[in-house]
Each structure stands twice: as structure tokens, then as C-alpha cells.
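A.B. asks: Attaching a single structure in C-alpha cells format; questions to follow.
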Amino acid sequence: MVQKFFGKDVITFWAGDMMSIGYGYGTVHILDDSYKDIYTVQLTGNFVTPDGSSKDSYCDMHESLITSRNTLICTAYNVTQHDLTYINGTSSEWMLDSQFYEIDNPTNQVLHSWSALDHEADLPLTTSRQSLGKDVGTQDAPYDAYHINSIATTNHGYLISLRHIGEDGADFKQIGSVEFSWQHDMRVYNETDNGLVLNLFNNANTPTDEESETTGISLAIDLDKKTVTGLRSLADPNDPVHSVSQGSYQLLGEVGSHAFLAYGSIPKVKEFDVDGNVVFSAKFGDENAVASYRGYRYQWTATPFWKPSVSVNSTSSGATVYMSWNGDTEYDNWALYAASSATSTNNTQIATAMRTGFETSATLVDPPTNFVQVFARKGTSLLGTSEAVSF
């Protein structure tokens with residue numbers, strides 16, 4: 001996703017190996033607006049994996065959040081041997097400890113860490129909605145009682161989403177319909193010392209438990225009065241979705257503005273206006289065949305560090321030139337030059353073509369040489385130059 005790092009827009013993504021029950025081990029990459037990998041964030045330490053192997057980095061894919069402190073928060077799953085007798089297990093079964101780490105990007109130094117099992121008294125396994133079952137509890141199939149999936153920073157700490165925990169929130173009085181379950185992507189807005197607005201993606205379903213339609217919801221939490229009030233519930237009445245995993249809820253402006261929902265296990269995204277009407281909807285694959293953990297809509301400006309690409313096919317009357325520059329957001333036209341050789345610099349402009357999408361083509365009739373070089377431009381300003389290629 002696009003995030004701010006020292007005041008500048010960057011793209012972050014996770015790359016690594018997925019485990020079979022929905023977590024992973026990998027690294028978080030931070031790219032600048034030329035797509036150079038300026039930091040690769042790694043998490044090392046004494047982690048146990050399902051097969052006992054060691055990894056170069058143990059960052060999980062669920063969260064990779066750059067904070068206002070210009071640090072990075074990632075989730076992690078550690079396979080841990082634990083006493084599960086009080087949930088009808090044995091005294092030495094294996095489970096996943098949900099953790100998160102705040103890391104200094106340049107040095108990979110851990111600045112803060114948190115473990116769910118360190119807080120078992122407040123998060124007893126009896127509150128997990130995920131049953132222990134007969135086929136889990138071994139090192140290669142550990143019990144996932146908590147399932148951490150998002151971290152948000154707050155004025156005084158962190159907000160942690162544990163998808164499998166099912167406490168009823170008895171400390172807070174509910175006002176209106178505010179129920180949610182199996183959630184993802186909890187985010188904090190308009191926080192004060194007295195309260196906040198909480199947005200989340202309400203899956204309301206798992207692969208084995210279908211409860212209701214998936215929604216994006218906003219809640220007003222009053223910390224003084226201990227109340228939770230439902231502000232908004234977003235769903236498409238013409239296209240009910242039941243997302244069993246993953247998903248995100250992105251606010252595109254202030255609280256109450258347009259919102260963008262990505263449906264995780266269901267390959268759909270939708271944008272809603274201030275009145276909850278769907279103003280954009282897209283499907284990018286077959287259901288149960290394609291998924292995207294989260295989805296976002298961002299403004300993004302970039303000029304790649306690599307050169308534009310060009311390919312030329314000879315024709316009976318000359319050549320057809322194909323031009324593209326993957327990742328560039330600014331160029332709007334191409335200038336085509338005839339070159340005397342692959343290394344010549346004294347070239348002659350012979351044609352122009354307006355950008356027509358990812359790839360633009362242009363037809364050359366009787367070009368003066370058999371070498372072509374193309375220039376990506378915005379107006380008449382040069383942004384990038386390809387190699388000279390022959391045909």
C-alpha cells in the first residue's frame with residue numbers, strides 16, 4: 001500500500017512464504033517513488049516454525065504499518081508449546097502465539113514487542129471462537145487461538161485485532177446495532193482522550209461458520225460513558241457478499257466520506273459514497289480461485305528508475321513500434337526517433353504518438369534507418385528514454 005515515510009509517499013509490500021492456515025514468514029519492502037527498494041525490513045529471533053526450519057525473516061503478511069514515528073509494525077506467529085488442558089487439550093500441545101513487533105527500518109532493531117500469550121490472563125483461551133479440534137495441536141498443525149491480523153497505533157499505545165477472540169464487550173454498553181465477528185483491518189480515527197471512531201472490515205463469516213452479510217462498519221466509542229454506537233454499515237443491496245477471510249475498509253477522506261472496501265477471499269472491490277451508495281464496483285477474478293488480502297485506492301505519482309520498453313516489428317511498408325513504461329504515472333505521449341546505430345546520439349525525430357494505455361503502438365512508413373529509439377514525455381518534457389533497437 002501507499003504510506004508516508006519521513007513525509008514522502010512510499011509503497012510497501014510483504015514478500016515471503018505462506019503457511020497452510022493463513023500466516024507467513026517474510027520481509028517487508030519499502031519502495032520510493034522510483035520503485036527503488038530503499039529498505040527491506042527483517043524480523044529475526046528465536047522463532048519456531050511448523051517444520052522446524054529457520055527463516056531469514058519472520059515478518060508475517062497480516063500487517064506492515066509505517067507509524068508516525070517512521071518505524072514499521074509487523075505481525076508475527078510463533079509456534080509455541082503450551083498447556084491447553086483447560087480447553088480440553090493436553091499439557092504440551094502446540095499453538096500459535098500471536099505477536100507484533102515495532103522495528104526501526106534502517107537498522108532492523110526491535111523497539112517494541114507484544115505477545116498474546118504474555119497476556120493470557122486478560123485473553124484466556126476460553127474466549128477463542130476457534131475450537132481446538134482433533135486435527136490440531138501438533139507442531140506442524142498448531143492451534144490458532146488468537147489470529148492477530150491488524151495493528152493500529154493510538155495516542156497511548158496500540159489497537160490489536162485478534163480475529164478468533166470472541167469476548168462480548170461487556171465493559172461497554174451497545175447503542176444500536178454494532179455487532180461484528182471474524183473482523184479484519186481495524187483502524188482508529190478522530191481519537192481524543194475521551195473517545196474515537198473505529199472502522200473495521202466485518203467479515204461475519206469463516207470457511208466453516210457463515211453468520212451474515214459482510215460489511216464495513218464504523219463505530220463511535222465513548223471511553224468516558226463506556227458506550228459503543230454504530231455510525232455506519234456499508235453493504236451493496238444488489239450484491240450481498242460473504243467473505244470468509246481477509247478484507248479491508250479504507251476511508252478515502254474524513255470520517256463519513258467515501259470508503260473503499262476490498263472483500264479479501266471474494267475477488268471484488270467497491271467504493272461507497274457518503275450516503276452509502278455504491279459508486280464503483282469491480283471483480284478481478286473467479287470466486288474461490290483468486291483473492292487479495294487487502295485492496296486500496298490511492299493517488300500515486302512515480303517515475304521508474306528503469307528505462308521505457310520498446311519493441312519493433314517490420315512490415316512491408318516500414319515498421320510497427322510498441323512502447324510502454326511500466327510503473328510510470330506521468331507521461332502522456334511518445335516521441336519516436338530514427339537512430340543510425342544502437343549507440344548513436346545524433347538521432348532524428350520522425351513521429352509522435354499519444355499514450356493510449358499500458359502499451360502504445362505507432363506505424364512508421366519508410367523510416368530513414370532501421371534503428372528506433374522512443375522518448376516518454378509529458379507535453380514536451382522528457383521523462384525517460386528507451387534503448388535504440390533494430391528491426
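Labels for the C-alpha cells follow display order: chains A, B, ..., residues from 1 in each chain, ligands from 1.
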Which polymer residues have any atom within 12 Å of an atom of Leu111 of chain A, counting only C-alpha atoms, with same-chain residues fewer than 3 positions away left out, as a VMD selection string?
C.D. replies: chain A and resid 43 69 to 74 100 to 105 107 to 108 114
A.B. asks: Name all residues at most 7 Å from Ser390 of chain A (count only C-alpha atoms; drop same-chain ones fewer than 6 positions away) and give them as a PDB file with all heavy atoms, in the first residue's frame.
C.D. replies:
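The result, written out as selection29.pdb:
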ATOM      1  N   ASN A 370      17.092   1.701 -39.786  1.00  0.00           N
ATOM      2  CA  ASN A 370      16.469   0.520 -39.190  1.00  0.00           C
ATOM      3  C   ASN A 370      16.728   0.437 -37.681  1.00  0.00           C
ATOM      4  O   ASN A 370      16.689  -0.635 -37.092  1.00  0.00           O
ATOM      5  CB  ASN A 370      16.945  -0.753 -39.887  1.00  0.00           C
ATOM      6  CG  ASN A 370      18.436  -0.986 -39.716  1.00  0.00           C
ATOM      7  OD1 ASN A 370      19.175  -0.070 -39.382  1.00  0.00           O
ATOM      8  ND2 ASN A 370      18.870  -2.210 -39.969  1.00  0.00           N
ATOM      9  N   PHE A 371      16.985   1.567 -37.047  1.00  0.00           N
ATOM     10  CA  PHE A 371      17.074   1.667 -35.591  1.00  0.00           C
ATOM     11  C   PHE A 371      16.052   2.683 -35.103  1.00  0.00           C
ATOM     12  O   PHE A 371      15.925   3.771 -35.703  1.00  0.00           O
ATOM     13  CB  PHE A 371      18.476   2.106 -35.137  1.00  0.00           C
ATOM     14  CG  PHE A 371      19.500   1.011 -35.189  1.00  0.00           C
ATOM     15  CD1 PHE A 371      20.246   0.801 -36.333  1.00  0.00           C
ATOM     16  CD2 PHE A 371      19.705   0.194 -34.092  1.00  0.00           C
ATOM     17  CE1 PHE A 371      21.192  -0.209 -36.392  1.00  0.00           C
ATOM     18  CE2 PHE A 371      20.659  -0.816 -34.133  1.00  0.00           C
ATOM     19  CZ  PHE A 371      21.400  -1.022 -35.291  1.00  0.00           C
ATOM     20  N   VAL A 372      15.340   2.352 -34.023  1.00  0.00           N
ATOM     21  CA  VAL A 372      14.340   3.256 -33.449  1.00  0.00           C
ATOM     22  C   VAL A 372      14.595   3.411 -31.953  1.00  0.00           C
ATOM     23  O   VAL A 372      14.886   2.436 -31.247  1.00  0.00           O
ATOM     24  CB  VAL A 372      12.904   2.739 -33.679  1.00  0.00           C
ATOM     25  CG1 VAL A 372      11.887   3.582 -32.901  1.00  0.00           C
ATOM     26  CG2 VAL A 372      12.562   2.763 -35.161  1.00  0.00           C
TER      27      VAL A 372
END
A.B. asks: I'd like the neighbourhood of Leu261 of chain A as an MDAnalysis selection string, where a residue qualifies if any of its atoms comes within 7 Å (using only C-alpha atoms), though same-chain residues fewer than 5 positions away should be ignored.
C.D. replies: chainID A and resid 216 248:250 269:271
A.B. asks: Write the residues of the preceding selection, restricted to all heavy atoms, as a tab-separated table (two decimals), in the first residue's frame.
C.D. replies:
chain	number	residue	atom	x	y	z
A	216	GLY	N	-18.68	-3.20	5.94
A	216	GLY	CA	-17.68	-2.30	6.51
A	216	GLY	C	-18.40	-1.44	7.52
A	216	GLY	O	-19.43	-0.83	7.21
A	248	SER	N	-10.53	-5.50	3.74
A	248	SER	CA	-10.10	-4.20	4.27
A	248	SER	C	-11.17	-3.15	4.05
A	248	SER	O	-12.04	-3.28	3.18
A	248	SER	CB	-8.79	-3.76	3.60
A	248	SER	OG	-8.92	-3.72	2.19
A	249	TYR	N	-11.08	-2.10	4.88
A	249	TYR	CA	-12.00	-0.97	4.85
A	249	TYR	C	-11.14	0.29	4.88
A	249	TYR	O	-10.53	0.62	5.89
A	249	TYR	CB	-12.92	-1.05	6.07
A	249	TYR	CG	-13.89	0.10	6.29
A	249	TYR	CD1	-14.84	0.00	7.31
A	249	TYR	CD2	-13.90	1.24	5.54
A	249	TYR	CE1	-15.76	1.01	7.56
A	249	TYR	CE2	-14.80	2.27	5.78
A	249	TYR	CZ	-15.73	2.15	6.80
A	249	TYR	OH	-16.62	3.16	7.03
A	250	GLN	N	-11.07	1.00	3.75
A	250	GLN	CA	-10.24	2.19	3.63
A	250	GLN	C	-11.12	3.43	3.56
A	250	GLN	O	-12.00	3.53	2.70
A	250	GLN	CB	-9.36	2.12	2.38
A	250	GLN	CG	-8.48	3.35	2.18
A	250	GLN	CD	-7.91	3.42	0.77
A	250	GLN	OE1	-8.28	2.66	-0.11
A	250	GLN	NE2	-7.00	4.37	0.56
A	269	VAL	N	-13.98	-5.44	-5.25
A	269	VAL	CA	-13.78	-4.19	-4.52
A	269	VAL	C	-14.95	-3.28	-4.82
A	269	VAL	O	-15.54	-3.33	-5.90
A	269	VAL	CB	-12.45	-3.50	-4.91
A	269	VAL	CG1	-11.26	-4.34	-4.49
A	269	VAL	CG2	-12.39	-3.22	-6.41
A	270	LYS	N	-15.30	-2.41	-3.84
A	270	LYS	CA	-16.41	-1.48	-4.03
A	270	LYS	C	-16.08	-0.17	-3.34
A	270	LYS	O	-15.47	-0.15	-2.26
A	270	LYS	CB	-17.71	-2.04	-3.44
A	270	LYS	CG	-18.22	-3.32	-4.12
A	270	LYS	CD	-19.51	-3.81	-3.46
A	270	LYS	CE	-19.93	-5.15	-4.05
A	270	LYS	NZ	-20.44	-5.02	-5.42
A	271	GLU	N	-16.50	0.93	-3.97
A	271	GLU	CA	-16.40	2.25	-3.35
A	271	GLU	C	-17.82	2.73	-3.03
A	271	GLU	O	-18.72	2.63	-3.87
A	271	GLU	CB	-15.70	3.25	-4.25
A	271	GLU	CG	-15.55	4.63	-3.62
A	271	GLU	CD	-14.86	5.64	-4.51
A	271	GLU	OE1	-14.15	5.22	-5.45
A	271	GLU	OE2	-15.05	6.86	-4.27
A.B. asks: Leaving out Thr27 of chain A and any residue of its chain fewer than 6 positions from it, which residues lie within 8 Å of it when counting only C-alpha atoms, given as an MDAnalysis selection string?
C.D. replies: chainID A and resid 14:16 40:43 57:60
A.B. asks: Taking the chain letters and numbering used in this document, name the residues of segment 41-245 of chain A that DSSP puts in helix (DSSP H, G or I), as a list of chain:residue names.
C.D. replies: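 Selection result, helix (DSSP H, G or I) within segment 41-245 of chain A: A:Thr85, A:Tyr86, A:Ile87, A:Leu117, A:Asp118, A:His119, A:Leu125, A:Thr126, A:Thr127.
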A.B. asks: Atoms to include: all heavy atoms. Write the selected residues as a CSV table (one decimal), in the first residue's frame.
C.D. replies:
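Dumped to out.csv:
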chain,number,residue,atom,x,y,z
A,85,THR,N,-4.8,-27.8,28.7
A,85,THR,CA,-5.7,-28.7,29.4
A,85,THR,C,-7.0,-28.0,29.7
A,85,THR,O,-8.1,-28.7,29.8
A,85,THR,CB,-5.1,-29.2,30.7
A,85,THR,OG1,-4.6,-28.1,31.5
A,85,THR,CG2,-3.9,-30.1,30.4
A,86,TYR,N,-7.0,-26.7,30.0
A,86,TYR,CA,-8.3,-26.1,30.4
A,86,TYR,C,-9.2,-25.8,29.2
A,86,TYR,O,-10.3,-25.3,29.4
A,86,TYR,CB,-8.0,-24.8,31.2
A,86,TYR,CG,-7.5,-23.6,30.5
A,86,TYR,CD1,-8.4,-22.5,30.3
A,86,TYR,CD2,-6.2,-23.4,30.1
A,86,TYR,CE1,-7.9,-21.3,29.7
A,86,TYR,CE2,-5.7,-22.3,29.5
A,86,TYR,CZ,-6.6,-21.2,29.3
A,86,TYR,OH,-6.1,-20.1,28.7
A,87,ILE,N,-8.8,-26.2,28.0
A,87,ILE,CA,-9.7,-26.1,26.9
A,87,ILE,C,-9.8,-27.5,26.3
A,87,ILE,O,-9.9,-27.7,25.1
A,87,ILE,CB,-9.3,-25.1,25.8
A,87,ILE,CG1,-7.9,-25.3,25.3
A,87,ILE,CG2,-9.5,-23.7,26.4
A,87,ILE,CD1,-7.6,-24.4,24.1
A,117,LEU,N,0.2,-14.5,24.3
A,117,LEU,CA,0.3,-15.4,25.5
A,117,LEU,C,0.9,-14.8,26.7
A,117,LEU,O,0.7,-15.2,27.8
A,117,LEU,CB,1.2,-16.6,25.0
A,117,LEU,CG,0.4,-17.6,24.2
A,117,LEU,CD1,1.4,-18.8,23.8
A,117,LEU,CD2,-0.8,-18.2,24.9
A,118,ASP,N,1.6,-13.6,26.5
A,118,ASP,CA,2.1,-12.9,27.7
A,118,ASP,C,0.9,-12.3,28.5
A,118,ASP,O,1.1,-11.8,29.6
A,118,ASP,CB,3.1,-11.8,27.3
A,118,ASP,CG,4.4,-12.4,26.9
A,118,ASP,OD1,4.7,-13.6,27.3
A,118,ASP,OD2,5.3,-11.6,26.4
A,119,HIS,N,-0.2,-12.2,27.8
A,119,HIS,CA,-1.4,-11.5,28.4
A,119,HIS,C,-2.6,-12.5,28.4
A,119,HIS,O,-3.7,-12.2,28.3
A,119,HIS,CB,-1.8,-10.3,27.5
A,119,HIS,CG,-0.8,-9.3,27.4
A,119,HIS,ND1,-0.7,-8.2,28.3
A,119,HIS,CD2,0.2,-9.1,26.6
A,119,HIS,CE1,0.4,-7.5,28.0
A,119,HIS,NE2,0.9,-8.0,26.9
A,125,LEU,N,-7.8,-18.5,26.7
A,125,LEU,CA,-8.1,-19.3,25.5
A,125,LEU,C,-9.6,-19.7,25.5
A,125,LEU,O,-10.1,-20.1,24.4
A,125,LEU,CB,-7.2,-20.5,25.5
A,125,LEU,CG,-5.7,-20.2,25.4
A,125,LEU,CD1,-4.9,-21.5,25.3
A,125,LEU,CD2,-5.3,-19.3,24.3
A,126,THR,N,-10.2,-19.7,26.6
A,126,THR,CA,-11.7,-20.0,26.6
A,126,THR,C,-12.5,-19.0,25.8
A,126,THR,O,-13.7,-19.2,25.5
A,126,THR,CB,-12.2,-20.1,28.1
A,126,THR,OG1,-11.8,-18.9,28.7
A,126,THR,CG2,-11.6,-21.3,28.8
A,127,THR,N,-11.9,-17.8,25.6
A,127,THR,CA,-12.7,-16.8,24.8
A,127,THR,C,-12.5,-16.9,23.3
A,127,THR,O,-13.1,-16.2,22.5
A,127,THR,CB,-12.3,-15.4,25.2
A,127,THR,OG1,-10.9,-15.2,24.9
A,127,THR,CG2,-12.5,-15.1,26.7
A.B. asks: Can you measure atom CA of His147 of chain A to atom CA of Gly24 of chain A for me? One decimal in Å is fine.
C.D. replies: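 Distance between the two atoms: 12.0 Å.
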A.B. asks: Determine, counting only C-alpha atoms, which protein, DNA and RNA residues have an atom within 12 Å of an atom of segment 173-176 of chain A; residues of the same chain fewer than 2 positions away are not included. Present the result as a VMD selection string.
C.D. replies: chain A and resid 168 to 171 178 to 180 219 to 233
A.B. asks: For the residues selected in the previous step, produce a file with N, CA and C atoms as a PDB file, in the first residue's frame.
C.D. replies:
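Below is the file that was written, part_8.pdb:
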ATOM      1  N   ASP A 168     -17.576 -10.591  24.541  1.00  0.00           N
ATOM      2  CA  ASP A 168     -18.811  -9.887  24.192  1.00  0.00           C
ATOM      3  C   ASP A 168     -18.768  -8.390  24.474  1.00  0.00           C
ATOM      4  N   GLY A 169     -17.627  -7.867  24.913  1.00  0.00           N
ATOM      5  CA  GLY A 169     -17.511  -6.426  25.153  1.00  0.00           C
ATOM      6  C   GLY A 169     -18.395  -5.936  26.288  1.00  0.00           C
ATOM      7  N   ALA A 170     -18.512  -6.734  27.333  1.00  0.00           N
ATOM      8  CA  ALA A 170     -19.442  -6.405  28.412  1.00  0.00           C
ATOM      9  C   ALA A 170     -19.071  -5.127  29.149  1.00  0.00           C
ATOM     10  N   ASP A 171     -17.829  -4.668  29.016  1.00  0.00           N
ATOM     11  CA  ASP A 171     -17.430  -3.424  29.670  1.00  0.00           C
ATOM     12  C   ASP A 171     -18.057  -2.206  29.003  1.00  0.00           C
ATOM     13  N   VAL A 178     -24.356  -2.913  16.616  1.00  0.00           N
ATOM     14  CA  VAL A 178     -22.908  -2.751  16.487  1.00  0.00           C
ATOM     15  C   VAL A 178     -22.191  -4.101  16.465  1.00  0.00           C
ATOM     16  N   GLU A 179     -22.895  -5.163  16.205  1.00  0.00           N
ATOM     17  CA  GLU A 179     -22.272  -6.476  16.253  1.00  0.00           C
ATOM     18  C   GLU A 179     -21.337  -6.692  15.060  1.00  0.00           C
ATOM     19  N   PHE A 180     -20.234  -7.370  15.334  1.00  0.00           N
ATOM     20  CA  PHE A 180     -19.326  -7.771  14.265  1.00  0.00           C
ATOM     21  C   PHE A 180     -18.627  -9.048  14.698  1.00  0.00           C
ATOM     22  N   LEU A 219     -17.726   2.654  14.135  1.00  0.00           N
ATOM     23  CA  LEU A 219     -18.259   2.693  15.492  1.00  0.00           C
ATOM     24  C   LEU A 219     -17.712   3.906  16.230  1.00  0.00           C
ATOM     25  N   ALA A 220     -18.585   4.589  16.964  1.00  0.00           N
ATOM     26  CA  ALA A 220     -18.150   5.672  17.854  1.00  0.00           C
ATOM     27  C   ALA A 220     -18.002   5.089  19.255  1.00  0.00           C
ATOM     28  N   ILE A 221     -16.796   5.203  19.800  1.00  0.00           N
ATOM     29  CA  ILE A 221     -16.518   4.635  21.120  1.00  0.00           C
ATOM     30  C   ILE A 221     -16.298   5.775  22.102  1.00  0.00           C
ATOM     31  N   ASP A 222     -17.167   5.857  23.098  1.00  0.00           N
ATOM     32  CA  ASP A 222     -17.058   6.860  24.158  1.00  0.00           C
ATOM     33  C   ASP A 222     -16.388   6.202  25.351  1.00  0.00           C
ATOM     34  N   LEU A 223     -15.155   6.618  25.637  1.00  0.00           N
ATOM     35  CA  LEU A 223     -14.389   5.986  26.702  1.00  0.00           C
ATOM     36  C   LEU A 223     -14.840   6.428  28.087  1.00  0.00           C
ATOM     37  N   ASP A 224     -15.476   7.595  28.181  1.00  0.00           N
ATOM     38  CA  ASP A 224     -15.972   8.063  29.478  1.00  0.00           C
ATOM     39  C   ASP A 224     -17.273   7.364  29.857  1.00  0.00           C
ATOM     40  N   LYS A 225     -18.205   7.339  28.918  1.00  0.00           N
ATOM     41  CA  LYS A 225     -19.517   6.731  29.186  1.00  0.00           C
ATOM     42  C   LYS A 225     -19.517   5.221  28.963  1.00  0.00           C
ATOM     43  N   LYS A 226     -18.429   4.696  28.406  1.00  0.00           N
ATOM     44  CA  LYS A 226     -18.319   3.274  28.100  1.00  0.00           C
ATOM     45  C   LYS A 226     -19.448   2.818  27.186  1.00  0.00           C
ATOM     46  N   THR A 227     -19.618   3.533  26.070  1.00  0.00           N
ATOM     47  CA  THR A 227     -20.645   3.172  25.097  1.00  0.00           C
ATOM     48  C   THR A 227     -20.031   2.986  23.714  1.00  0.00           C
ATOM     49  N   VAL A 228     -20.666   2.141  22.916  1.00  0.00           N
ATOM     50  CA  VAL A 228     -20.292   1.931  21.521  1.00  0.00           C
ATOM     51  C   VAL A 228     -21.537   2.158  20.676  1.00  0.00           C
ATOM     52  N   THR A 229     -21.443   3.124  19.758  1.00  0.00           N
ATOM     53  CA  THR A 229     -22.581   3.483  18.921  1.00  0.00           C
ATOM     54  C   THR A 229     -22.259   3.207  17.456  1.00  0.00           C
ATOM     55  N   GLY A 230     -23.150   2.505  16.783  1.00  0.00           N
ATOM     56  CA  GLY A 230     -22.961   2.246  15.363  1.00  0.00           C
ATOM     57  C   GLY A 230     -23.196   3.499  14.543  1.00  0.00           C
ATOM     58  N   LEU A 231     -22.216   3.886  13.717  1.00  0.00           N
ATOM     59  CA  LEU A 231     -22.325   5.074  12.882  1.00  0.00           C
ATOM     60  C   LEU A 231     -22.656   4.742  11.435  1.00  0.00           C
ATOM     61  N   ARG A 232     -22.142   3.623  10.961  1.00  0.00           N
ATOM     62  CA  ARG A 232     -22.209   3.344   9.529  1.00  0.00           C
ATOM     63  C   ARG A 232     -22.027   1.851   9.293  1.00  0.00           C
ATOM     64  N   SER A 233     -22.792   1.303   8.365  1.00  0.00           N
ATOM     65  CA  SER A 233     -22.634  -0.088   7.949  1.00  0.00           C
ATOM     66  C   SER A 233     -22.784  -0.131   6.438  1.00  0.00           C
TER      67      SER A 233
END
A.B. asks: For the structure I just gave you, how does DSSP split segment 258-324 of chain A - specifically, which residues are strand (DSSP E)? Reply as a count of residues only.
C.D. replies: 28
A.B. asks: Which residue out of A:Thr206, A:Thr214, A:Asn277, A:Ser34 has the minimum interatomic distance to Val244 of chain A when only C-alpha atoms are used?
C.D. replies: A:Thr206
A.B. asks: With a distance cut-off of 12 Å and only C-alpha atoms, select the neighbouring residues of Phe280 of chain A, excluding the residue or stretch itself and same-chain residues fewer than 4 positions from it, and output the selection as a list of chain:residue names.
C.D. replies: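 Here the answer would be A:Asp236, A:His258, A:Ala259, A:Phe260, A:Leu261, A:Ala262, A:Lys268, A:Val269, A:Lys270, A:Glu271, A:Phe272, A:Asp273, A:Gly276, A:Arg297.
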A.B. asks: For atom CA of Asn346 of chain A and atom CA of Met323 of chain A, quote the distance in Å rounded to one decimal.
C.D. replies: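 Atom CA of Asn346 of chain A sits 20.9 Å away from atom CA of Met323 of chain A.
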A.B. asks: Would you kindly return, as a PyMOL selection string, each protein, DNA or RNA residue with an atom no farther than 9 Å from any atom of Ala141 of chain A, considering only C-alpha atoms and excluding same-chain residues fewer than 4 positions away?
C.D. replies: chain A and resi 20-21+50+94-95+135-137
A.B. asks: Just write the chosen residues, all heavy atoms, as a short mmCIF file (atom, residue, chain, number, x, y, z; two decimals), in the first residue's frame.
C.D. replies:
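Saved the output as selection13.cif:
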data_model
loop_
_atom_site.label_atom_id
_atom_site.label_comp_id
_atom_site.auth_asym_id
_atom_site.auth_seq_id
_atom_site.Cartn_x
_atom_site.Cartn_y
_atom_site.Cartn_z
N SER A 20 -0.07 -23.02 5.55
CA SER A 20 -1.35 -23.56 5.07
C SER A 20 -2.56 -22.97 5.79
O SER A 20 -3.66 -22.97 5.25
CB SER A 20 -1.37 -25.08 5.21
OG SER A 20 -1.19 -25.47 6.57
N ILE A 21 -2.39 -22.48 7.03
CA ILE A 21 -3.56 -21.98 7.76
C ILE A 21 -3.58 -20.46 7.88
O ILE A 21 -4.20 -19.91 8.77
CB ILE A 21 -3.69 -22.63 9.15
CG1 ILE A 21 -2.46 -22.32 10.03
CG2 ILE A 21 -3.90 -24.12 9.05
CD1 ILE A 21 -2.64 -22.74 11.47
N PRO A 50 6.51 -24.40 11.78
CA PRO A 50 5.83 -25.70 11.79
C PRO A 50 6.74 -26.88 11.45
O PRO A 50 6.58 -27.97 12.01
CB PRO A 50 4.73 -25.53 10.74
CG PRO A 50 4.45 -24.08 10.73
CD PRO A 50 5.77 -23.42 10.97
N TRP A 94 0.82 -27.84 20.87
CA TRP A 94 1.42 -26.74 20.15
C TRP A 94 0.35 -25.76 19.68
O TRP A 94 -0.71 -26.17 19.22
CB TRP A 94 2.20 -27.24 18.95
CG TRP A 94 3.40 -28.06 19.31
CD1 TRP A 94 3.43 -29.39 19.59
CD2 TRP A 94 4.74 -27.59 19.46
NE1 TRP A 94 4.70 -29.80 19.90
CE2 TRP A 94 5.54 -28.71 19.82
CE3 TRP A 94 5.36 -26.35 19.33
CZ2 TRP A 94 6.90 -28.61 20.04
CZ3 TRP A 94 6.73 -26.26 19.55
CH2 TRP A 94 7.48 -27.37 19.90
N MET A 95 0.64 -24.48 19.80
CA MET A 95 -0.28 -23.44 19.35
C MET A 95 0.52 -22.28 18.76
O MET A 95 1.75 -22.24 18.86
CB MET A 95 -1.16 -22.95 20.50
CG MET A 95 -0.42 -22.22 21.60
SD MET A 95 -1.56 -21.48 22.81
CE MET A 95 -2.29 -20.15 21.82
N ASP A 135 -7.61 -32.33 14.84
CA ASP A 135 -6.51 -32.36 13.89
C ASP A 135 -5.49 -31.26 14.10
O ASP A 135 -4.64 -31.03 13.24
CB ASP A 135 -7.06 -32.27 12.46
CG ASP A 135 -8.00 -33.41 12.13
OD1 ASP A 135 -7.75 -34.53 12.61
OD2 ASP A 135 -8.99 -33.19 11.41
N VAL A 136 -5.57 -30.55 15.21
CA VAL A 136 -4.60 -29.50 15.50
C VAL A 136 -4.00 -29.73 16.88
O VAL A 136 -4.53 -30.48 17.70
CB VAL A 136 -5.24 -28.09 15.45
CG1 VAL A 136 -5.76 -27.79 14.07
CG2 VAL A 136 -6.37 -27.97 16.48
N GLY A 137 -2.87 -29.06 17.13
CA GLY A 137 -2.21 -29.19 18.40
C GLY A 137 -0.82 -29.79 18.29
O GLY A 137 -0.11 -29.93 19.28
#
